[in-house]
file query32.tsv (TSV, C-alpha atoms)
chain	number	residue	atom	x	y	z
A	25	GLY	CA	-30.85	-14.76	39.13
A	26	LEU	CA	-30.58	-15.68	35.47
A	27	GLN	CA	-28.63	-13.40	33.15
A	28	TYR	CA	-27.77	-13.58	29.45
A	29	SER	CA	-25.39	-11.91	27.01
A	30	SER	CA	-25.93	-11.40	23.28
A	31	ASP	CA	-22.54	-9.76	22.64
A	32	TYR	CA	-20.08	-12.47	23.69
A	33	GLY	CA	-20.12	-11.43	27.35
A	34	ALA	CA	-19.42	-7.70	26.94
A	35	THR	CA	-22.74	-6.82	28.57
A	36	TRP	CA	-25.33	-8.79	30.53
A	37	LYS	CA	-29.10	-8.48	30.98
A	38	GLN	CA	-31.61	-10.12	33.29
A	39	ALA	CA	-33.77	-12.89	31.86
A	40	LYS	CA	-37.51	-12.40	32.34
A	41	ALA	CA	-40.66	-14.43	32.93
A	42	ASN	CA	-43.92	-12.74	31.98
A	43	GLY	CA	-42.14	-9.38	32.00
A	44	SER	CA	-40.60	-9.79	35.48
A	45	ALA	CA	-36.85	-10.22	35.96
A	46	LEU	CA	-35.65	-13.57	37.30
A	47	ILE	CA	-33.57	-12.29	40.21
A	48	LEU	CA	-33.76	-14.95	42.94
A	49	ASN	CA	-31.05	-17.50	43.72
A	50	GLY	CA	-30.44	-19.49	40.54
A	51	MET	CA	-30.25	-23.24	41.22
A	52	ASP	CA	-30.24	-24.98	37.83
A	53	VAL	CA	-30.21	-24.08	34.14
A	54	LYS	CA	-30.13	-26.40	31.12
A	55	ALA	CA	-30.28	-25.51	27.40
A	56	ILE	CA	-30.64	-27.77	24.36
A	57	ASN	CA	-31.53	-26.72	20.80
A	58	GLY	CA	-33.09	-23.41	21.82
A	59	VAL	CA	-35.07	-24.82	24.76
A	60	VAL	CA	-33.99	-23.51	28.17
A	61	VAL	CA	-35.21	-24.66	31.59
A	62	TYR	CA	-34.31	-22.82	34.77
A	63	SER	CA	-35.06	-23.07	38.49
A	64	GLU	CA	-34.51	-20.49	41.20
A	65	MET	CA	-35.02	-20.43	44.96
A	66	ASP	CA	-36.60	-17.88	47.27
A	67	ARG	CA	-34.31	-18.50	50.25
A	68	THR	CA	-36.47	-16.40	52.57
A	69	ASN	CA	-39.56	-18.55	52.03
A	70	ARG	CA	-37.52	-21.70	51.18
A	71	VAL	CA	-39.49	-22.35	47.99
A	72	SER	CA	-38.30	-22.88	44.39
A	73	LYS	CA	-39.94	-22.22	41.05
A	74	ALA	CA	-39.11	-23.59	37.60
A	75	TYR	CA	-39.42	-21.93	34.20
A	76	ILE	CA	-39.07	-22.75	30.51
A	77	SER	CA	-38.45	-20.74	27.34
A	78	SER	CA	-38.17	-21.68	23.68
A	79	THR	CA	-38.51	-18.08	22.47
A	80	GLY	CA	-35.48	-16.38	23.98
A	81	PRO	CA	-34.23	-15.09	27.35
A	82	GLU	CA	-37.18	-12.81	28.02
A	83	GLY	CA	-39.86	-15.36	27.14
A	84	PHE	CA	-39.80	-17.63	30.20
A	85	THR	CA	-43.04	-19.03	31.62
A	86	SER	CA	-43.63	-20.94	34.85
A	87	ILE	CA	-43.90	-24.73	34.80
A	88	CYS	CA	-45.05	-24.97	38.42
A	89	GLY	CA	-48.69	-25.34	39.47
A	90	THR	CA	-51.67	-27.60	38.97
A	91	GLY	CA	-50.82	-30.41	36.55
A	92	GLN	CA	-47.18	-29.32	36.56
A	93	ILE	CA	-44.33	-29.28	39.12
A	94	ALA	CA	-45.25	-28.86	42.79
A	95	GLU	CA	-45.28	-25.26	43.98
A	96	ASN	CA	-44.00	-26.08	47.48
A	97	ALA	CA	-40.65	-27.65	46.54
A	98	TYR	CA	-37.46	-26.43	48.21
A	99	ARG	CA	-35.18	-27.43	45.31
A	100	ILE	CA	-36.01	-28.35	41.71
A	101	GLU	CA	-33.53	-30.12	39.44
A	102	LEU	CA	-34.24	-30.25	35.69
A	103	ALA	CA	-33.13	-32.07	32.53
A	104	ILE	CA	-33.99	-31.91	28.81
A	105	ALA	CA	-33.81	-34.89	26.46
A	106	PRO	CA	-31.21	-34.15	23.73
A	107	SER	CA	-32.99	-36.33	21.15
A	108	ASN	CA	-36.46	-34.88	21.79
A	109	THR	CA	-36.81	-31.57	23.63
A	110	GLN	CA	-40.49	-32.26	24.22
A	111	TYR	CA	-39.28	-34.46	27.09
A	112	ILE	CA	-38.36	-32.58	30.26
A	113	TYR	CA	-37.65	-34.14	33.66
A	114	ALA	CA	-37.83	-32.61	37.14
A	115	SER	CA	-37.14	-33.77	40.66
A	116	ALA	CA	-38.79	-31.71	43.40
A	117	ILE	CA	-37.18	-31.89	46.85
A	118	ASN	CA	-38.45	-30.64	50.22
A	119	THR	CA	-36.51	-28.87	52.99
A	120	SER	CA	-35.62	-32.22	54.58
A	121	GLY	CA	-33.87	-33.37	51.42
A	122	LYS	CA	-36.65	-35.86	50.60
A	123	LEU	CA	-38.41	-36.35	47.27
A	124	VAL	CA	-41.71	-34.51	46.82
A	125	ASN	CA	-42.28	-36.02	43.37
A	126	PHE	CA	-40.31	-36.95	40.25
A	127	TYR	CA	-41.89	-35.68	37.02
A	128	VAL	CA	-41.76	-35.97	33.23
A	129	SER	CA	-43.31	-33.80	30.55
A	130	ASN	CA	-43.66	-35.00	26.94
A	131	ASN	CA	-45.06	-31.70	25.65
A	132	MET	CA	-42.27	-29.26	26.50
A	133	GLY	CA	-43.57	-28.36	29.93
A	134	LYS	CA	-47.23	-27.72	29.17
A	135	SER	CA	-48.07	-30.52	31.60
A	136	PHE	CA	-46.17	-32.96	33.79
A	137	ARG	CA	-47.02	-36.38	35.14
A	138	ILE	CA	-45.58	-38.02	38.23
A	139	ILE	CA	-43.27	-40.95	37.45
A	140	LEU	CA	-42.24	-41.52	41.07
A	141	PRO	CA	-44.25	-40.16	44.00
A	142	GLY	CA	-42.50	-38.96	47.12
A	143	GLY	CA	-42.58	-40.96	50.32
A	144	SER	CA	-41.56	-44.32	48.89
A	145	THR	CA	-39.65	-46.54	51.32
A	146	LEU	CA	-38.56	-48.92	48.53
A	147	ILE	CA	-37.10	-46.28	46.21
A	148	ASP	CA	-35.27	-43.61	48.18
A	149	MET	CA	-32.73	-42.06	45.82
A	150	TYR	CA	-31.73	-39.16	48.06
A	151	ASN	CA	-31.65	-40.42	51.67
A	152	ASN	CA	-32.41	-36.95	53.03
A	153	SER	CA	-29.66	-35.40	50.85
A	154	GLY	CA	-31.68	-34.36	47.79
A	155	ASP	CA	-31.23	-30.69	48.61
A	156	PHE	CA	-27.52	-31.22	47.90
A	157	ASN	CA	-26.85	-34.47	45.97
A	158	ASN	CA	-29.30	-34.22	43.09
A	159	SER	CA	-28.63	-34.57	39.38
A	160	ILE	CA	-30.48	-35.82	36.29
A	161	THR	CA	-29.39	-36.47	32.73
A	162	VAL	CA	-31.18	-38.07	29.78
A	163	PHE	CA	-29.60	-40.68	27.53
A	164	PRO	CA	-28.56	-38.95	24.27
A	165	GLU	CA	-30.62	-41.18	21.96
A	166	ASN	CA	-33.53	-42.18	24.22
A	167	PRO	CA	-35.81	-39.53	25.75
A	168	LYS	CA	-37.45	-42.14	27.99
A	169	HIS	CA	-34.27	-43.29	29.77
A	170	ILE	CA	-32.52	-41.23	32.46
A	171	LEU	CA	-29.71	-41.38	35.00
A	172	ILE	CA	-30.26	-39.92	38.48
A	173	GLY	CA	-27.52	-39.01	40.92
A	174	GLY	CA	-28.54	-39.00	44.57
A	175	TYR	CA	-26.99	-40.30	47.76
A	176	PRO	CA	-25.29	-42.71	48.02
A	177	TYR	CA	-26.29	-44.48	44.78
A	178	LEU	CA	-26.47	-43.83	41.06
A	179	TRP	CA	-29.89	-44.77	39.65
A	180	GLU	CA	-31.49	-45.22	36.25
A	181	ALA	CA	-35.15	-44.94	35.30
A	182	GLN	CA	-37.02	-45.99	32.16
A	183	ASP	CA	-40.50	-45.66	30.77
A	184	ILE	CA	-41.71	-49.26	30.60
A	185	GLN	CA	-45.36	-48.51	29.91
A	186	GLU	CA	-46.82	-45.15	28.90
A	187	ASP	CA	-48.83	-43.21	31.51
A	188	THR	CA	-47.57	-45.22	34.48
A	189	TYR	CA	-44.65	-44.84	36.87
A	190	TYR	CA	-41.14	-45.32	35.48
A	191	SER	CA	-39.04	-48.32	36.49
A	192	PHE	CA	-36.29	-47.11	38.86
A	193	VAL	CA	-33.20	-49.31	39.32
A	194	LYS	CA	-30.19	-48.83	41.60
A	195	LEU	CA	-26.95	-49.10	39.57
A	196	LEU	CA	-24.06	-48.67	42.01
A	197	ALA	CA	-22.82	-47.02	45.19
A	198	ASN	CA	-21.18	-43.78	44.14
A	199	TYR	CA	-21.47	-41.59	47.24
A	200	GLY	CA	-23.20	-38.29	46.46
A	201	THR	CA	-23.52	-37.40	42.77
A	202	ASN	CA	-23.72	-33.70	41.89
A	203	ALA	CA	-23.57	-33.74	38.07
A	204	ILE	CA	-23.81	-36.28	35.23
A	205	VAL	CA	-22.54	-35.44	31.74
A	206	PHE	CA	-22.49	-37.64	28.64
A	207	ASP	CA	-19.39	-37.43	26.45
A	208	PRO	CA	-20.33	-35.19	23.46
A	209	ASN	CA	-18.40	-37.52	21.13
A	210	ASP	CA	-19.46	-40.83	22.67
A	211	ASN	CA	-23.08	-41.52	23.55
A	212	ASN	CA	-21.96	-44.62	25.45
A	213	ALA	CA	-19.85	-42.77	28.03
A	214	ALA	CA	-21.03	-40.65	30.95
A	215	TYR	CA	-18.97	-38.79	33.55
A	216	LEU	CA	-20.06	-38.37	37.16
A	217	ALA	CA	-19.12	-35.49	39.47
A	218	THR	CA	-19.29	-36.93	42.97
A	219	ASP	CA	-18.39	-36.17	46.59
A	220	ILE	CA	-15.23	-38.29	46.19
A	221	GLY	CA	-14.05	-37.18	42.75
A	222	ILE	CA	-14.83	-37.97	39.11
A	223	ALA	CA	-15.94	-41.31	37.68
A	224	LYS	CA	-16.64	-42.60	34.17
A	225	CYS	CA	-19.40	-45.06	33.26
A	226	THR	CA	-19.61	-46.81	29.91
A	227	PHE	CA	-22.72	-48.36	28.39
A	228	THR	CA	-23.58	-50.92	25.70
A	229	ASP	CA	-27.11	-50.60	24.34
A	230	GLU	CA	-27.82	-48.31	27.32
A	231	VAL	CA	-26.77	-51.00	29.82
A	232	MET	CA	-23.87	-50.02	32.09
A	233	THR	CA	-20.84	-52.22	31.46
A	234	SER	CA	-18.01	-50.50	33.34
A	235	TYR	CA	-17.27	-47.94	36.06
A	236	ILE	CA	-13.84	-46.30	36.47
A	237	GLN	CA	-12.84	-43.65	38.98
A	238	ARG	CA	-10.79	-40.89	37.34
A	239	LYS	CA	-9.48	-39.11	40.37
A	240	LYS	CA	-5.70	-39.41	40.70
A	241	ASN	CA	-4.43	-36.35	42.65
A	242	LEU	CA	-7.98	-35.59	43.90
A	243	ALA	CA	-8.92	-38.70	45.85
A	244	THR	CA	-10.83	-36.68	48.45
A	245	ALA	CA	-12.11	-33.86	46.22
A	246	GLN	CA	-15.79	-33.02	46.28
A	247	ILE	CA	-16.79	-32.23	42.69
A	248	ASN	CA	-19.67	-29.77	42.25
A	249	SER	CA	-19.84	-29.46	38.46
A	250	MET	CA	-18.19	-30.78	35.34
A	251	SER	CA	-17.95	-30.32	31.57
A	252	VAL	CA	-16.44	-32.60	28.92
A	253	ALA	CA	-14.69	-31.59	25.67
A	254	HIS	CA	-14.86	-33.34	22.31
A	255	ASN	CA	-11.59	-35.19	23.03
A	256	GLY	CA	-12.61	-36.44	26.48
A	257	ALA	CA	-10.80	-33.76	28.50
A	258	ILE	CA	-12.63	-32.76	31.69
A	259	LEU	CA	-12.94	-29.44	33.52
A	260	ALA	CA	-14.40	-29.73	37.02
A	261	GLY	CA	-15.32	-27.37	39.85
A	262	SER	CA	-14.43	-28.66	43.30
A	263	VAL	CA	-14.51	-27.76	46.98
A	264	GLU	CA	-11.11	-26.57	48.29
A	265	ASN	CA	-9.21	-27.98	45.27
A	266	GLY	CA	-10.41	-25.24	42.92
A	267	THR	CA	-10.91	-25.75	39.20
A	268	LEU	CA	-9.46	-29.08	38.07
A	269	PHE	CA	-8.41	-30.14	34.57
A	270	ILE	CA	-7.95	-33.72	33.36
A	271	SER	CA	-6.18	-33.84	30.01
A	272	THR	CA	-6.18	-36.74	27.57
A	273	GLU	CA	-2.58	-35.96	26.62
A	274	SER	CA	-0.81	-36.87	29.88
A	275	ASN	CA	0.83	-40.23	30.54
A	276	THR	CA	-1.93	-41.14	33.02
A	277	GLU	CA	-5.35	-40.00	31.87
A	278	GLN	CA	-6.75	-40.03	35.41
A	279	THR	CA	-4.33	-37.32	36.60
A	280	ALA	CA	-5.94	-34.00	37.55
A	281	THR	CA	-4.21	-30.61	37.59
A	282	SER	CA	-5.51	-27.73	39.70
A	283	LEU	CA	-5.77	-24.54	37.65
A	284	THR	CA	-6.66	-22.22	40.52
A	285	GLY	CA	-5.04	-23.77	43.59
A	286	TYR	CA	-6.84	-23.89	46.94
A	287	SER	CA	-10.27	-22.41	46.31
A	288	TYR	CA	-13.95	-23.19	45.91
A	289	SER	CA	-15.09	-23.58	42.32
A	290	GLY	CA	-18.72	-23.74	41.19
A	291	GLN	CA	-19.93	-24.17	37.61
A	292	THR	CA	-17.42	-24.90	34.83
A	293	LEU	CA	-17.72	-24.95	31.06
A	294	LEU	CA	-15.25	-26.45	28.59
A	295	SER	CA	-15.63	-25.86	24.86
A	296	VAL	CA	-17.13	-28.87	23.12
A	297	SER	CA	-15.51	-28.07	19.77
A	298	HIS	CA	-12.06	-26.82	20.78
call {"tool": "encode", "arguments": {"input": "query32.tsv", "output": "structure tokens"}}
result
Amino acid sequence: GLQYSSDYGATWKQAKANGSALILNGMDVKAINGVVVYSEMDRTNRVSKAYISSTGPEGFTSICGTGQIAENAYRIELAIAPSNTQYIYASAINTSGKLVNFYVSNNMGKSFRIILPGGSTLIDMYNNSGDFNNSITVFPENPKHILIGGYPYLWEAQDIQEDTYYSFVKLLANYGTNAIVFDPNDNNAAYLATDIGIAKCTFTDEVMTSYIQRKKNLATAQINSMSVAHNGAILAGSVENGTLFISTESNTEQTATSLTGYSYSGQTLLSVSH
């Protein structure tokens, strides 16, 4: 479920939606400027639900239902626009790893519209792997421009004309992408956590201009999550290689050091300011 601490981690409490504790399997949580979105899965019934709160950890409300996100999705991935938290994105995936629908809200979750319907044979971002390889991030200065990590490609989508479908474009083959994080000190750089390690994309005017794999010493590491510090250092959670750290102070910036040895590492968080 979703828990929170208000005393620097000394004690923890369960977050709530409409008075009920959120205790199912947590799948995704994002927070920007006091707005928090969260999805959890009922593994028995193989159904996920998504929630939002802008009033604190016990003020969550559902954003699934009529005019919102589909209620029959197996997995729901979420993203909030840093420059305008009214914009929230969601990809709903079924049990076969296929897209149910891709959504956007421009009123902080009160309603959602479909920007890509499921079942398209021309735009298949997930190739039956959306239950695993599924990530979304919004460009830091443009709430109508997103990056989507699926399998095996990295995609971008933009709002070309209001109230219609977004334009989805395939950027590059990147195997499965599990997380996308923009550099907190550089809005033109994004890091990708993939099934074959870490990569860095750079952009000029939101157009991708370069792609570099940063994976020395982890050429076969499957990266599940990633966080980036103010100086470009990276902390990543991997399968079998544990928690990995890429410093900006070594002779080769692509070199990764395992902090935990052989292990499975999930979510990681590196301080943005220190």
call {"tool": "closest_residue", "arguments": {"input": "query32.tsv", "among": "A:Thr188, A:Ser159, A:Ser30, A:Gln182", "to": "Met51 (chain A)", "atoms": "only C-alpha atoms"}}
result
A:Ser159
call {"tool": "residues_near_point", "arguments": {"input": "query32.tsv", "point": "(-21.9, -36.5, 39.7)", "cutoff": "12 Å", "atoms": "only C-alpha atoms", "output": "PDB file with C-alpha atoms, in the coordinates of the input"}}
result
ATOM      1  CA  PHE A 156     -27.520 -31.220  47.900  1.00  0.00           C
ATOM      2  CA  ASN A 157     -26.850 -34.470  45.970  1.00  0.00           C
ATOM      3  CA  ASN A 158     -29.300 -34.220  43.090  1.00  0.00           C
ATOM      4  CA  SER A 159     -28.630 -34.570  39.380  1.00  0.00           C
ATOM      5  CA  ILE A 160     -30.480 -35.820  36.290  1.00  0.00           C
ATOM      6  CA  THR A 161     -29.390 -36.470  32.730  1.00  0.00           C
ATOM      7  CA  LEU A 171     -29.710 -41.380  35.000  1.00  0.00           C
ATOM      8  CA  ILE A 172     -30.260 -39.920  38.480  1.00  0.00           C
ATOM      9  CA  GLY A 173     -27.520 -39.010  40.920  1.00  0.00           C
ATOM     10  CA  GLY A 174     -28.540 -39.000  44.570  1.00  0.00           C
ATOM     11  CA  TYR A 175     -26.990 -40.300  47.760  1.00  0.00           C
ATOM     12  CA  PRO A 176     -25.290 -42.710  48.020  1.00  0.00           C
ATOM     13  CA  TYR A 177     -26.290 -44.480  44.780  1.00  0.00           C
ATOM     14  CA  LEU A 178     -26.470 -43.830  41.060  1.00  0.00           C
ATOM     15  CA  TRP A 179     -29.890 -44.770  39.650  1.00  0.00           C
ATOM     16  CA  ALA A 197     -22.820 -47.020  45.190  1.00  0.00           C
ATOM     17  CA  ASN A 198     -21.180 -43.780  44.140  1.00  0.00           C
ATOM     18  CA  TYR A 199     -21.470 -41.590  47.240  1.00  0.00           C
ATOM     19  CA  GLY A 200     -23.200 -38.290  46.460  1.00  0.00           C
ATOM     20  CA  THR A 201     -23.520 -37.400  42.770  1.00  0.00           C
ATOM     21  CA  ASN A 202     -23.720 -33.700  41.890  1.00  0.00           C
ATOM     22  CA  ALA A 203     -23.570 -33.740  38.070  1.00  0.00           C
ATOM     23  CA  ILE A 204     -23.810 -36.280  35.230  1.00  0.00           C
ATOM     24  CA  VAL A 205     -22.540 -35.440  31.740  1.00  0.00           C
ATOM     25  CA  PHE A 206     -22.490 -37.640  28.640  1.00  0.00           C
ATOM     26  CA  ALA A 214     -21.030 -40.650  30.950  1.00  0.00           C
ATOM     27  CA  TYR A 215     -18.970 -38.790  33.550  1.00  0.00           C
ATOM     28  CA  LEU A 216     -20.060 -38.370  37.160  1.00  0.00           C
ATOM     29  CA  ALA A 217     -19.120 -35.490  39.470  1.00  0.00           C
ATOM     30  CA  THR A 218     -19.290 -36.930  42.970  1.00  0.00           C
ATOM     31  CA  ASP A 219     -18.390 -36.170  46.590  1.00  0.00           C
ATOM     32  CA  ILE A 220     -15.230 -38.290  46.190  1.00  0.00           C
ATOM     33  CA  GLY A 221     -14.050 -37.180  42.750  1.00  0.00           C
ATOM     34  CA  ILE A 222     -14.830 -37.970  39.110  1.00  0.00           C
ATOM     35  CA  ALA A 223     -15.940 -41.310  37.680  1.00  0.00           C
ATOM     36  CA  LYS A 224     -16.640 -42.600  34.170  1.00  0.00           C
ATOM     37  CA  CYS A 225     -19.400 -45.060  33.260  1.00  0.00           C
ATOM     38  CA  GLN A 237     -12.840 -43.650  38.980  1.00  0.00           C
ATOM     39  CA  GLN A 246     -15.790 -33.020  46.280  1.00  0.00           C
ATOM     40  CA  ILE A 247     -16.790 -32.230  42.690  1.00  0.00           C
ATOM     41  CA  ASN A 248     -19.670 -29.770  42.250  1.00  0.00           C
ATOM     42  CA  SER A 249     -19.840 -29.460  38.460  1.00  0.00           C
ATOM     43  CA  MET A 250     -18.190 -30.780  35.340  1.00  0.00           C
ATOM     44  CA  SER A 251     -17.950 -30.320  31.570  1.00  0.00           C
ATOM     45  CA  ALA A 260     -14.400 -29.730  37.020  1.00  0.00           C
ATOM     46  CA  GLY A 261     -15.320 -27.370  39.850  1.00  0.00           C
ATOM     47  CA  SER A 262     -14.430 -28.660  43.300  1.00  0.00           C
TER      48      SER A 262
END
call {"tool": "atom_distance", "arguments": {"input": "query32.tsv", "atom1": "CA of Cys88 (chain A)", "atom2": "CA of Gly133 (chain A)"}}
result
9.3 Å
call {"tool": "closest_residue", "arguments": {"input": "query32.tsv", "among": "A:Ala39, A:Ile117, A:Leu102, A:Val53", "to": "Glu82 (chain A)", "atoms": "all atoms listed in the file"}}
result
A:Ala39
call {"tool": "atom_distance", "arguments": {"input": "query32.tsv", "atom1": "CA of Lys194 (chain A)", "atom2": "CA of Asn125 (chain A)"}}
result
17.7 Å
call {"tool": "closest_residue", "arguments": {"input": "query32.tsv", "among": "A:Ile100, A:Val71, A:Met65, A:Leu146", "to": "Leu46 (chain A)", "atoms": "all atoms listed in the file"}}
result
A:Met65
call {"tool": "residues_near_point", "arguments": {"input": "query32.tsv", "point": "(-27.6, -9.3, 29.4)", "cutoff": "12 Å", "atoms": "all atoms listed in the file", "output": "VMD selection string"}}
result
chain A and resid 25 to 40 45 80 to 82
call {"tool": "write_last_selection", "arguments": {"input": "query32.tsv", "atoms": "C-alpha atoms", "output": "CSV table (one decimal), in the frame of the given file"}}
result
chain,number,residue,atom,x,y,z
A,25,GLY,CA,-30.8,-14.8,39.1
A,26,LEU,CA,-30.6,-15.7,35.5
A,27,GLN,CA,-28.6,-13.4,33.2
A,28,TYR,CA,-27.8,-13.6,29.4
A,29,SER,CA,-25.4,-11.9,27.0
A,30,SER,CA,-25.9,-11.4,23.3
A,31,ASP,CA,-22.5,-9.8,22.6
A,32,TYR,CA,-20.1,-12.5,23.7
A,33,GLY,CA,-20.1,-11.4,27.4
A,34,ALA,CA,-19.4,-7.7,26.9
A,35,THR,CA,-22.7,-6.8,28.6
A,36,TRP,CA,-25.3,-8.8,30.5
A,37,LYS,CA,-29.1,-8.5,31.0
A,38,GLN,CA,-31.6,-10.1,33.3
A,39,ALA,CA,-33.8,-12.9,31.9
A,40,LYS,CA,-37.5,-12.4,32.3
A,45,ALA,CA,-36.8,-10.2,36.0
A,80,GLY,CA,-35.5,-16.4,24.0
A,81,PRO,CA,-34.2,-15.1,27.4
A,82,GLU,CA,-37.2,-12.8,28.0
call {"tool": "residues_around", "arguments": {"input": "query32.tsv", "residues": "Ile56 (chain A)", "least_positions_apart": "6", "cutoff": "10 Å", "atoms": "all atoms listed in the file", "output": "list of chain:residue names"}}
result
A:Ser78, A:Ala103, A:Ile104, A:Ala105, A:Pro106, A:Ser107, A:Asn108, A:Thr109
call {"tool": "axis_aligned_box", "arguments": {"input": "query32.tsv", "around": "region 124-134 of chain A", "padding_each_side": "3 Å", "output": "lines of an AutoDock Vina configuration file"}}
result
center_x = -43.8
center_y = -32.3
center_z = 36.2
size_x = 12.9
size_y = 15.2
size_z = 27.2
call {"tool": "closest_residue", "arguments": {"input": "query32.tsv", "among": "A:Ala74, A:Ile170, A:Val60, A:Ala41", "to": "Glu230 (chain A)", "atoms": "all atoms listed in the file"}}
result
A:Ile170
call {"tool": "residues_around", "arguments": {"input": "query32.tsv", "residues": "Thr228 (chain A)", "least_positions_apart": "4", "cutoff": "7 Å", "atoms": "only C-alpha atoms", "output": "list in words"}}
result
Asn212, Met232 and Thr233 of chain A
call {"tool": "atom_distance", "arguments": {"input": "query32.tsv", "atom1": "CA of Tyr62 (chain A)", "atom2": "CA of Phe269 (chain A)"}}
result
26.9 Å
call {"tool": "residues_around", "arguments": {"input": "query32.tsv", "residues": "Arg67 (chain A)", "least_positions_apart": "6", "cutoff": "10 Å", "atoms": "all atoms listed in the file", "output": "number ranges by chain"}}
result
A: 48-49, 98
call {"tool": "closest_residue", "arguments": {"input": "query32.tsv", "among": "A:Leu123, A:Ala55, A:Ile236, A:Met132", "to": "Gln92 (chain A)", "atoms": "all atoms listed in the file"}}
result
A:Met132
call {"tool": "residues_around", "arguments": {"input": "query32.tsv", "residues": "Phe84 (chain A)", "least_positions_apart": "6", "cutoff": "6 Å", "atoms": "only C-alpha atoms", "output": "NGL selection string"}}
result
:A and (41 or 75-77)
call {"tool": "residues_around", "arguments": {"input": "query32.tsv", "residues": "Tyr189 (chain A)", "least_positions_apart": "3", "cutoff": "8 Å", "atoms": "only C-alpha atoms", "output": "PyMOL selection string"}}
result
chain A and resi 138-140+183+185
call {"tool": "decode", "arguments": {"input": "query32.tsv", "residues": "region 111-123 of chain A", "atoms": "N, CA, C and O atoms", "output": "compact mmCIF listing (two decimals), in the first residue's frame"}}
result
# COMPACT_ATOMS: atom_id res chain seq x y z
N TYR A 111 -2.02 19.13 -15.53
CA TYR A 111 -1.86 18.09 -16.54
C TYR A 111 -1.35 16.79 -15.91
O TYR A 111 -0.27 16.76 -15.32
N ILE A 112 -2.14 15.74 -16.07
CA ILE A 112 -1.79 14.42 -15.54
C ILE A 112 -1.99 13.40 -16.66
O ILE A 112 -3.00 13.44 -17.38
N TYR A 113 -1.04 12.51 -16.81
CA TYR A 113 -1.09 11.48 -17.86
C TYR A 113 -1.23 10.10 -17.23
O TYR A 113 -0.74 9.85 -16.11
N ALA A 114 -1.86 9.19 -17.98
CA ALA A 114 -2.02 7.81 -17.50
C ALA A 114 -2.05 6.86 -18.67
O ALA A 114 -2.68 7.13 -19.70
N SER A 115 -1.34 5.75 -18.53
CA SER A 115 -1.46 4.65 -19.48
C SER A 115 -2.08 3.48 -18.74
O SER A 115 -1.62 3.08 -17.68
N ALA A 116 -3.16 2.96 -19.31
CA ALA A 116 -3.86 1.81 -18.72
C ALA A 116 -3.57 0.57 -19.56
O ALA A 116 -3.74 0.60 -20.79
N ILE A 117 -3.10 -0.49 -18.91
CA ILE A 117 -2.64 -1.70 -19.58
C ILE A 117 -3.50 -2.89 -19.14
O ILE A 117 -3.90 -2.98 -17.97
N ASN A 118 -3.78 -3.82 -20.06
CA ASN A 118 -4.55 -5.00 -19.68
C ASN A 118 -3.63 -6.15 -19.28
O ASN A 118 -2.40 -6.02 -19.29
N THR A 119 -4.21 -7.30 -18.95
CA THR A 119 -3.43 -8.43 -18.45
C THR A 119 -2.53 -9.06 -19.51
O THR A 119 -1.63 -9.82 -19.18
N SER A 120 -2.77 -8.72 -20.77
CA SER A 120 -1.91 -9.23 -21.85
C SER A 120 -0.77 -8.28 -22.16
O SER A 120 0.01 -8.52 -23.10
N GLY A 121 -0.65 -7.20 -21.40
CA GLY A 121 0.41 -6.23 -21.63
C GLY A 121 0.11 -5.26 -22.74
O GLY A 121 1.00 -4.54 -23.20
N LYS A 122 -1.15 -5.21 -23.20
CA LYS A 122 -1.55 -4.31 -24.28
C LYS A 122 -2.20 -3.05 -23.72
O LYS A 122 -2.74 -3.04 -22.61
N LEU A 123 -2.18 -1.99 -24.53
CA LEU A 123 -2.76 -0.72 -24.11
C LEU A 123 -4.28 -0.79 -24.13
O LEU A 123 -4.89 -1.18 -25.12
